[in-house]
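What follows is the content of my_file-v3.txt, which has compact mmCIF, C-alpha atoms:
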# COMPACT_ATOMS: atom_id res chain seq x y z
CA MET W 201 76.42 53.38 156.17
CA LEU W 202 73.07 52.51 154.64
CA HIS W 203 70.79 50.28 156.72
CA ILE W 204 68.27 48.27 154.68
CA ALA W 205 65.63 45.97 156.16
CA ILE W 206 63.90 43.13 154.32
CA CYS W 207 60.58 41.88 155.69
CA ASP W 208 59.17 38.87 153.85
CA ASP W 209 57.84 35.51 155.04
CA GLU W 210 59.50 33.71 152.10
CA LYS W 211 62.97 32.92 153.42
CA ASP W 212 64.34 31.98 150.00
CA PHE W 213 63.33 35.39 148.67
CA VAL W 214 64.96 37.13 151.65
CA ILE W 215 68.21 35.31 150.83
CA TYR W 216 67.88 36.22 147.15
CA LEU W 217 67.17 39.90 147.85
CA THR W 218 70.05 40.05 150.32
CA GLN W 219 72.35 38.78 147.57
CA LEU W 220 71.12 41.50 145.21
CA ILE W 221 71.72 44.19 147.84
CA ASN W 222 75.22 42.83 148.49
CA GLN W 223 75.84 42.95 144.74
CA TYR W 224 74.79 46.61 144.72
CA ALA W 225 77.09 47.33 147.68
CA ALA W 226 80.04 45.68 145.92
CA GLU W 227 79.36 47.55 142.69
CA THR W 228 78.97 50.98 144.29
CA GLY W 229 81.42 50.63 147.17
CA GLU W 230 78.61 51.54 149.56
CA GLU W 231 78.70 50.08 153.07
CA ILE W 232 75.29 48.49 153.57
CA LYS W 233 73.87 46.68 156.59
CA VAL W 234 71.00 44.28 155.84
CA SER W 235 68.52 43.22 158.54
CA ALA W 236 66.07 40.41 157.82
CA PHE W 237 62.59 40.01 159.30
CA TYR W 238 60.11 37.29 158.44
CA ASP W 239 56.84 38.88 159.50
CA GLY W 240 55.37 42.32 160.13
CA ILE W 241 55.05 41.58 163.85
CA GLU W 242 58.76 40.84 164.11
CA LEU W 243 59.62 44.02 162.23
CA THR W 244 57.40 46.33 164.25
CA THR W 245 58.14 44.75 167.64
CA HIS W 246 61.90 44.98 167.14
CA TYR W 247 61.89 48.11 164.98
CA ASP W 248 65.27 49.79 164.70
CA THR W 249 65.16 53.54 164.06
CA THR W 250 68.53 53.40 162.29
CA ILE W 251 66.83 51.65 159.35
CA ASP W 252 66.88 53.86 156.25
CA LEU W 253 64.92 51.73 153.77
CA ILE W 254 62.54 48.78 154.08
CA PHE W 255 61.61 46.25 151.42
CA LEU W 256 58.25 45.17 152.82
CA ASP W 257 56.15 42.26 151.55
CA ILE W 258 52.44 43.08 151.49
CA GLN W 259 51.12 39.53 151.80
CA MET W 260 52.27 37.92 155.06
CA LYS W 261 50.35 35.58 157.32
CA LEU W 262 50.56 37.12 160.80
CA LEU W 263 50.81 40.87 160.20
CA ASP W 264 50.66 41.96 156.57
CA GLY W 265 52.80 44.70 155.08
CA LEU W 266 50.08 47.34 154.99
CA ARG W 267 49.30 47.06 158.68
CA ALA W 268 53.00 46.88 159.47
CA ALA W 269 53.58 50.07 157.45
CA LYS W 270 50.84 51.86 159.39
CA ARG W 271 52.57 51.00 162.66
CA ILE W 272 56.01 51.92 161.30
CA ARG W 273 54.78 55.34 160.20
CA GLN W 274 53.77 56.05 163.81
CA MET W 275 57.34 55.39 164.89
CA ASP W 276 59.26 56.77 161.92
CA GLU W 277 57.85 59.37 159.55
CA ARG W 278 60.61 59.31 156.96
CA VAL W 279 61.97 55.77 156.60
CA GLY W 280 61.74 54.64 152.98
CA ILE W 281 59.27 51.84 152.28
CA ILE W 282 59.19 49.84 149.05
CA PHE W 283 56.40 47.28 148.97
CA LEU W 284 56.90 43.82 147.54
CA THR W 285 53.93 41.94 146.10
CA THR W 286 52.88 39.37 143.55
CA LEU W 287 49.70 41.35 142.77
CA ALA W 288 50.09 44.91 141.49
CA GLN W 289 46.62 45.99 142.64
CA CYS W 290 47.51 45.17 146.27
CA ALA W 291 50.29 47.75 146.24
CA LEU W 292 48.12 50.74 145.42
CA GLU W 293 46.77 50.96 148.97
CA GLY W 294 50.34 51.21 150.21
CA TYR W 295 50.70 54.78 148.99
CA LYS W 296 48.61 55.84 152.02
CA TYR W 297 51.74 55.14 154.04
CA GLN W 298 54.03 57.28 151.84
CA ALA W 299 55.57 54.28 150.11
CA ALA W 300 58.47 55.14 147.83
CA ASN W 301 57.27 52.57 145.30
CA TYR W 302 56.21 48.96 144.90
CA ILE W 303 57.84 46.05 143.12
CA VAL W 304 56.00 43.09 141.68
CA LYS W 305 57.92 39.86 142.31
CA PRO W 306 60.14 38.39 141.02
CA MET W 307 62.77 41.13 141.06
CA LYS W 308 65.91 41.50 138.99
CA TYR W 309 69.10 43.32 139.94
CA ALA W 310 68.57 46.21 137.52
CA ARG W 311 65.21 47.02 139.14
CA LEU W 312 66.66 46.84 142.65
CA LYS W 313 69.50 49.21 141.73
CA ALA W 314 67.11 51.68 140.09
CA GLU W 315 64.77 51.67 143.09
CA ILE W 316 67.54 52.25 145.63
CA GLU W 317 69.04 55.10 143.63
CA GLN W 318 65.67 56.73 143.01
CA TRP W 319 64.87 56.52 146.72
CA ARG W 320 68.24 58.05 147.61
CA ARG W 321 67.71 61.01 145.27
CA ARG W 322 64.28 61.63 146.78
CA SER W 323 65.45 61.26 150.38
CA ARG W 324 68.25 63.79 149.91
CA LYS W 325 65.65 66.41 149.11
CA LEU W 326 63.78 65.61 152.33
CA ASP W 327 66.88 65.37 154.50
CA SER W 328 66.44 66.82 157.97
CA PRO W 329 68.11 66.39 161.39
CA ALA W 330 66.28 63.99 163.65
CA ILE W 331 66.29 62.76 167.24
CA VAL W 332 65.29 59.38 168.64
CA VAL W 333 63.07 59.25 171.73
CA ALA W 334 61.58 56.34 173.65
CA ASN W 335 58.56 55.46 175.74
CA ASP W 336 56.72 52.30 176.73
CA SER W 337 55.43 51.88 173.15
CA GLY W 338 58.91 51.79 171.63
CA LYS W 339 61.39 54.12 169.93
CA TYR W 340 60.42 57.01 167.65
CA LYS W 341 62.48 58.97 165.15
CA ILE W 342 61.37 62.63 165.23
CA PHE W 343 62.45 64.86 162.34
CA LEU W 344 63.09 68.30 163.78
CA ASN W 345 61.35 70.18 160.98
CA THR W 346 58.12 68.48 162.08
CA LEU W 347 58.53 69.23 165.81
CA HIS W 348 56.58 72.33 166.91
CA TYR W 349 57.32 72.43 170.63
CA VAL W 350 58.00 70.35 173.73
CA GLU W 351 56.27 70.62 177.10
CA THR W 352 56.55 68.87 180.44
CA PHE W 353 53.82 66.33 181.03
CA ASN W 354 53.38 64.24 184.19
CA ARG W 355 57.13 64.26 184.97
CA ASN W 356 57.88 63.34 181.35
CA LEU W 357 57.95 65.33 178.12
CA LEU W 358 55.27 65.65 175.47
CA LEU W 359 56.50 66.31 171.93
CA HIS W 360 54.04 68.11 169.65
CA THR W 361 54.75 67.15 166.03
CA GLU W 362 52.86 67.66 162.79
CA GLN W 363 51.46 64.16 162.95
CA GLU W 364 50.89 63.44 166.63
CA LYS W 365 51.87 63.98 170.25
CA ILE W 366 54.58 61.66 171.58
CA ILE W 367 55.56 61.01 175.19
CA CYS W 368 59.31 61.12 175.79
CA TYR W 369 61.16 59.75 178.84
CA ARG W 370 63.95 62.31 178.94
CA SER W 371 64.69 65.38 181.03
CA MET W 372 63.90 68.86 179.77
CA LYS W 373 67.50 69.94 180.33
CA ASP W 374 68.88 67.01 178.33
CA LEU W 375 66.55 67.59 175.39
CA GLU W 376 67.14 71.35 175.49
CA GLN W 377 70.87 70.81 175.01
CA GLU W 378 70.31 68.46 172.07
CA LEU W 379 67.80 70.75 170.34
CA ALA W 380 69.51 74.10 170.93
CA PRO W 381 71.81 73.94 167.87
CA HIS W 382 68.77 73.40 165.63
CA GLY W 383 66.76 76.55 166.36
CA PHE W 384 64.93 75.46 169.50
CA VAL W 385 64.73 77.71 172.56
CA ARG W 386 63.66 77.16 176.18
CA CYS W 387 61.01 79.88 176.49
CA HIS W 388 59.59 78.71 179.81
CA THR W 389 60.56 76.26 182.56
CA SER W 390 58.09 73.81 181.02
CA TYR W 391 58.42 74.60 177.29
CA ILE W 392 60.89 74.40 174.41
CA VAL W 393 59.76 75.92 171.12
CA ASN W 394 60.92 75.56 167.53
CA LEU W 395 61.62 79.15 166.41
CA TYR W 396 60.76 78.22 162.83
CA TYR W 397 57.09 77.96 163.84
CA VAL W 398 56.89 81.18 165.88
CA LYS W 399 54.45 83.66 164.32
CA GLY W 400 54.44 86.34 167.01
CA VAL W 401 54.78 87.18 170.69
CA ASN W 402 52.19 89.12 172.67
CA LYS W 403 53.28 89.90 176.22
CA LEU W 404 53.77 86.45 177.79
CA GLU W 405 52.20 84.39 175.02
CA ILE W 406 53.80 82.93 171.89
CA THR W 407 51.62 82.25 168.87
CA LEU W 408 52.74 79.63 166.39
CA VAL W 409 51.95 79.57 162.68
CA THR W 410 49.83 76.51 163.41
CA GLY W 411 47.52 78.57 165.64
CA GLU W 412 48.82 76.96 168.82
CA THR W 413 49.80 79.20 171.75
CA ILE W 414 52.37 78.53 174.46
CA PRO W 415 53.69 80.67 177.33
CA VAL W 416 56.96 82.56 177.57
CA SER W 417 57.98 83.29 181.15
CA GLN W 418 58.86 86.80 182.31
CA PRO W 419 62.44 85.85 183.34
CA LYS W 420 63.10 84.27 179.94
CA ARG W 421 61.22 86.74 177.72
CA ARG W 422 64.06 89.17 177.02
CA GLN W 423 66.56 86.47 176.07
CA PHE W 424 63.92 84.67 174.04
CA MET W 425 63.14 87.82 172.04
CA GLU W 426 66.85 88.33 171.34
CA GLN W 427 67.23 84.73 170.15
CA LEU W 428 64.11 85.03 168.00
CA ALA W 429 65.41 88.23 166.41
CA GLU W 430 68.79 86.64 165.71
CA TYR W 431 67.13 83.56 164.24
CA SER W 432 64.75 85.59 162.09
CA GLY W 433 67.62 87.71 160.86
CA ASP W 434 69.29 84.61 159.45
CA PHE W 435 66.36 84.23 157.06
CA LEU W 436 66.02 87.86 155.96
Show how you would write the structure in this file as C-alpha cells.
Amino acid sequence: MLHIAICDDEKDFVIYLTQLINQYAAETGEEIKVSAFYDGIELTTHYDTTIDLIFLDIQMKLLDGLRAAKRIRQMDERVGIIFLTTLAQCALEGYKYQAANYIVKPMKYARLKAEIEQWRRRSRKLDSPAIVVANDSGKYKIFLNTLHYVETFNRNLLLHTEQEKIICYRSMKDLEQELAPHGFVRCHTSYIVNLYYVKGVNKLEITLVTGETIPVSQPKRRQFMEQLAEYSGDFL
C-alpha cells in the first residue's frame, strides 16, 4: 500500500487533490491511503513514519512548507516531498530538503500521475531497509544503509547515522535481533556495528571508513572477526 499525505491550508484544494489521487488509484489498481493535514504544525506534530510521499504546500500561515520540510527531514531522510506553490520562485529553496519536485498550482490529473510515477521510479533506486525508533521528540525512520553503529547511552541507545545522532528508547538486545539480518554485529556489550562501514580491526579497536573508532571486546573478538570475514566474502 502507498501512503500519501497532503498538507495544504486550502481545504478545497485538499479535497480536489484527494480526488485526483483516488482517480490514479482506480486507474492503476494501486491501494493508496491518503492522509490530510491543514498546516505544517499539524503534519510535523502528528508525523507518521509510514508516509511514503508528501504533497506539501509552501505557503501556509502557521508553519510554512519549507520549515515543515526541514523538521520532516530530521525525522525521515527518505520520504518523498513534492512542494505545492502558486509562485515558482518559492519552490527553488525547497531543493535544500531533497524535494522530488515542485508543482505550481493549479494541478491537473496528467501532472499528478507523472509526478507520482517519476517519484516511484526514483525511490526504487534508493530502496533500503529501515527501522522506526522513538524518543521524546517523536518517531524517526532510520534507513539502515545510513546507520554506522549503535552504542549505549545513559540507559538508552544512541544511533550514529550519516546525518545525525538519534536517541532511541529500546534495549540493546531487542535492536540487535532486528538488525542482525542486515549485516549488523554486536561487537561489544555496548556497541552494534554496521559491517558495511568497517575498514579494519587493530587488536581491540574497530576503525570505520568514516574515521570513527569503536571497541571490540576480547570475548567477542573472535566471533566478530569470523562474521566480518563471512560478510566481506559475500562482496568479493
Proximity of stretch 362-405 of chain W to stretch 273-279 of chain W: per-residue shortest pair, 10 Å limit, only C-alpha atoms, as CSV:
residue,atom,partner,partner_atom,distance
W:Gln363,CA,W:Gln274,CA,8.5
W:Glu364,CA,W:Gln274,CA,8.4
W:Ile366,CA,W:Met275,CA,9.6
Write a file of the selected residues as a PDB file, in the frame of the given file, keeping C-alpha atoms.
ATOM      1  CA  GLN W 363      51.460  64.160 162.950  1.00  0.00           C
ATOM      2  CA  GLU W 364      50.890  63.440 166.630  1.00  0.00           C
ATOM      3  CA  ILE W 366      54.580  61.660 171.580  1.00  0.00           C
TER       4      ILE W 366
END
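Across W:Thr389, W:Asp248, W:Asn222, W:Met260, the tightest approach to W:Asp208 is made by W:Met260 when counting all atoms listed in the file.
Within the 10 Å cut-off around W:Leu312, using only C-alpha atoms and omitting residues fewer than 2 positions from it on the same chain, the listed residues are Leu217, Leu220, Ile221, Tyr224, Ile303, Met307, Lys308, Tyr309, Ala310, Ala314, Glu315, Ile316, Glu317 and Gln318 of chain W.
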When distances are computed from all atoms listed in the file, which of W:His348, W:Lys211, W:Leu359, W:Ile258 shows the smallest separation from W:Thr413?
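Smallest distance to W:Thr413 is found for W:His348.
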When distances are computed from all atoms listed in the file, which of W:Cys207, W:Ile367, W:Tyr216, W:Tyr397 shows the smallest separation from W:Val332?
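For W:Val332, the nearest of the candidates is W:Ile367.
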Atom-to-atom span, atom CA of W:Thr244 and atom CA of W:Glu231, Å
24.3 Å
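Residues surrounding W:His388 within 12 Å are Tyr349, Val350, Glu351, Thr352, Met372, Lys373, Glu376, Ile392, Val393, Leu404, Glu405, Ile406, Ile414, Pro415, Val416, Ser417, Gln418, Pro419, Lys420, Arg421, Arg422, Gln423 and Phe424 of chain W [all atoms listed in the file; sequence separation below 4 positions excluded].
In this model, the gap between atom CA of W:Ile241 and atom CA of W:Arg271 comes to 9.8 Å.
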W:Ile232 proximity check over W:Asp212, W:His203, W:Phe255, W:Leu284, using only C-alpha atoms: winner is W:His203
Suppose you want the space between atom CA of W:Asp209 and atom CA of W:Leu262; what is it in Å?
9.4 Å
Between W:Val385, W:Leu428, W:Leu263, W:Glu210, which has the minimum distance to W:Gly400 (counting all atoms listed in the file)?
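Smallest separation from W:Gly400 among the options: W:Leu428.
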Contacts of W:Arg355 at 10 Å (all atoms listed in the file; same-chain gap of 6+ positions) as a list of chain:residue names:
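Counting all atoms listed in the file, the residues come to W:Cys368, W:Tyr369, W:Arg370, W:Ser371, W:Met372.
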Find the residue from W:Thr245, W:Ser390, W:Thr361, W:Thr285 that sits nearest to W:Lys341; use all atoms listed in the file when measuring.
W:Thr361
